[in-house]
Amino acid sequence: MKKECLVHLKSWSDNDPQGQEIWASGKCYERTPGVFQVLYETFEEEDEKAVPTPEKMTKHRLKIAKDRLDVEKYGPNSTILAFAEGLAHETNYQTPFGVLEMVFETRHFQVDVKENELRVTLRYHIHMNGTKASENQMNIVISSEE
């Protein structure tokens, strides 16, 4: 059974201490015991007057398990990422400026599951062209809207 939920994602890096923050409504459900799937959409546009249209929306799917987070983004900037402590995930990361070959190296991964809340804490390095480009942190809080 899917539940309505609120997604709060905050990420920042040593290169961008302000980072970015996302708030979105979504749906969350437990696929199998201890494995959660979260679905939500975002609208990414620099122009504040822009109108959200289907082609400008990004669909997000988070698959959260006790030892791993899989992130899938589909839309103008599609990508697939995987985080697990000690994992170095290679990917072609699509940006508005083109595709970048990157490695996401997870340094810390933690999931806390409560009755009406999921919390994910990540620390990871991003490598580009074999060189560490940044140290990053991400906190995700999924809370029930009920």
# chains A, B, ... in the order shown; residues from 1 in each chain; ligands from 1
call {"tool": "select_by_dssp", "arguments": {"residues": "chain A", "states": "strand (DSSP E or B)", "output": "number ranges by chain"}}
result
A: 3-13, 20-32, 35-43, 57-65, 68-74, 79-83, 88-95, 98-114, 117-128, 131-144
call {"tool": "write_last_selection", "arguments": {"atoms": "C-alpha atoms", "output": "compact mmCIF listing (two decimals), in the first residue's frame"}}
result
# COMPACT_ATOMS: atom_id res chain seq x y z
CA LYS A 3 1.32 6.22 1.57
CA GLU A 4 1.49 9.91 0.87
CA CYS A 5 4.78 11.30 2.18
CA LEU A 6 6.89 14.42 2.37
CA VAL A 7 10.43 14.21 0.98
CA HIS A 8 13.08 16.57 2.34
CA LEU A 9 16.50 16.25 0.73
CA LYS A 10 19.44 18.47 1.59
CA SER A 11 22.88 18.08 0.01
CA TRP A 12 26.04 20.13 0.17
CA SER A 13 29.75 19.82 -0.57
CA GLN A 20 20.62 22.57 -2.38
CA GLU A 21 17.43 21.66 -0.64
CA ILE A 22 14.37 19.94 -2.05
CA TRP A 23 10.92 19.61 -0.52
CA ALA A 24 8.41 17.48 -2.41
CA SER A 25 5.25 15.47 -1.87
CA GLY A 26 5.47 11.88 -2.93
CA LYS A 27 4.45 8.30 -2.33
CA CYS A 28 6.27 5.80 -0.15
CA TYR A 29 5.75 2.11 0.31
CA GLU A 30 7.58 -0.88 1.70
CA ARG A 31 8.31 -3.18 -1.25
CA THR A 32 9.57 -6.02 0.89
CA VAL A 35 13.10 -2.13 1.60
CA PHE A 36 11.27 1.11 0.87
CA GLN A 37 10.50 2.81 -2.42
CA VAL A 38 9.84 6.55 -2.61
CA LEU A 39 8.44 8.25 -5.73
CA TYR A 40 8.30 12.02 -6.22
CA GLU A 41 8.66 14.68 -8.91
CA THR A 42 10.56 17.95 -9.10
CA PHE A 43 10.57 20.89 -11.46
CA MET A 57 9.50 17.56 -14.72
CA THR A 58 11.99 15.07 -13.26
CA LYS A 59 10.64 11.84 -11.78
CA HIS A 60 12.63 10.45 -8.88
CA ARG A 61 12.65 6.93 -7.48
CA LEU A 62 14.54 6.17 -4.28
CA LYS A 63 15.00 2.57 -3.22
CA ILE A 64 16.12 2.53 0.41
CA ALA A 65 17.41 -0.57 2.18
CA ARG A 68 22.03 0.73 0.21
CA LEU A 69 20.33 3.64 -1.55
CA ASP A 70 19.52 3.53 -5.27
CA VAL A 71 18.52 6.82 -6.91
CA GLU A 72 16.89 6.99 -10.32
CA LYS A 73 16.07 10.31 -12.00
CA TYR A 74 14.13 10.47 -15.26
CA THR A 79 20.74 9.49 -14.14
CA ILE A 80 21.05 6.41 -11.94
CA LEU A 81 23.15 6.42 -8.76
CA ALA A 82 23.92 3.83 -6.09
CA PHE A 83 25.23 4.44 -2.58
CA ALA A 88 32.52 3.30 -5.78
CA HIS A 89 29.69 3.68 -8.30
CA GLU A 90 30.70 4.73 -11.84
CA THR A 91 28.09 6.56 -13.86
CA ASN A 92 27.54 8.88 -16.77
CA TYR A 93 25.88 11.80 -14.96
CA GLN A 94 23.67 13.86 -17.25
CA THR A 95 23.71 17.62 -16.65
CA GLY A 98 26.31 17.46 -21.16
CA VAL A 99 27.23 14.05 -19.81
CA LEU A 100 30.02 13.76 -17.24
CA GLU A 101 31.79 10.53 -16.35
CA MET A 102 31.82 10.42 -12.56
CA VAL A 103 32.51 8.05 -9.69
CA PHE A 104 30.47 8.38 -6.50
CA GLU A 105 32.45 6.83 -3.63
CA THR A 106 30.32 6.30 -0.51
CA ARG A 107 32.27 6.94 2.70
CA HIS A 108 29.38 6.71 5.19
CA PHE A 109 25.85 5.37 4.86
CA GLN A 110 23.19 5.17 7.55
CA VAL A 111 19.45 4.54 7.52
CA ASP A 112 17.17 5.07 10.51
CA VAL A 113 13.65 3.66 10.26
CA LYS A 114 10.92 4.86 12.59
CA GLU A 117 9.83 8.44 9.20
CA LEU A 118 12.87 7.27 7.25
CA ARG A 119 16.20 9.08 7.58
CA VAL A 120 19.17 8.53 5.28
CA THR A 121 22.56 10.08 6.00
CA LEU A 122 25.32 9.93 3.36
CA ARG A 123 28.87 11.14 3.03
CA TYR A 124 30.51 10.55 -0.32
CA HIS A 125 33.28 11.75 -2.60
CA ILE A 126 32.79 12.57 -6.26
CA HIS A 127 35.68 11.76 -8.60
CA MET A 128 36.04 13.09 -12.13
CA THR A 131 40.67 12.99 -9.35
CA LYS A 132 38.57 13.73 -6.29
CA ALA A 133 36.41 16.70 -7.23
CA SER A 134 34.45 17.15 -4.00
CA GLU A 135 33.44 15.82 -0.60
CA ASN A 136 29.67 15.71 -0.22
CA GLN A 137 26.96 15.10 2.33
CA MET A 138 23.30 14.35 1.85
CA ASN A 139 20.46 14.00 4.34
CA ILE A 140 17.11 12.63 3.26
CA VAL A 141 14.04 12.60 5.48
CA ILE A 142 10.88 10.83 4.33
CA SER A 143 7.94 11.48 6.63
CA SER A 144 4.36 10.31 6.51
call {"tool": "atom_distance", "arguments": {"atom1": "atom CA of Lys66 of chain A", "atom2": "atom CA of Gly34 of chain A"}}
result
6.9 Å
call {"tool": "atom_distance", "arguments": {"atom1": "atom CA of Pro33 of chain A", "atom2": "atom CA of Lys2 of chain A"}}
result
14.1 Å
call {"tool": "atom_distance", "arguments": {"atom1": "atom CA of Ser78 of chain A", "atom2": "atom CA of Lys56 of chain A"}}
result
11.6 Å
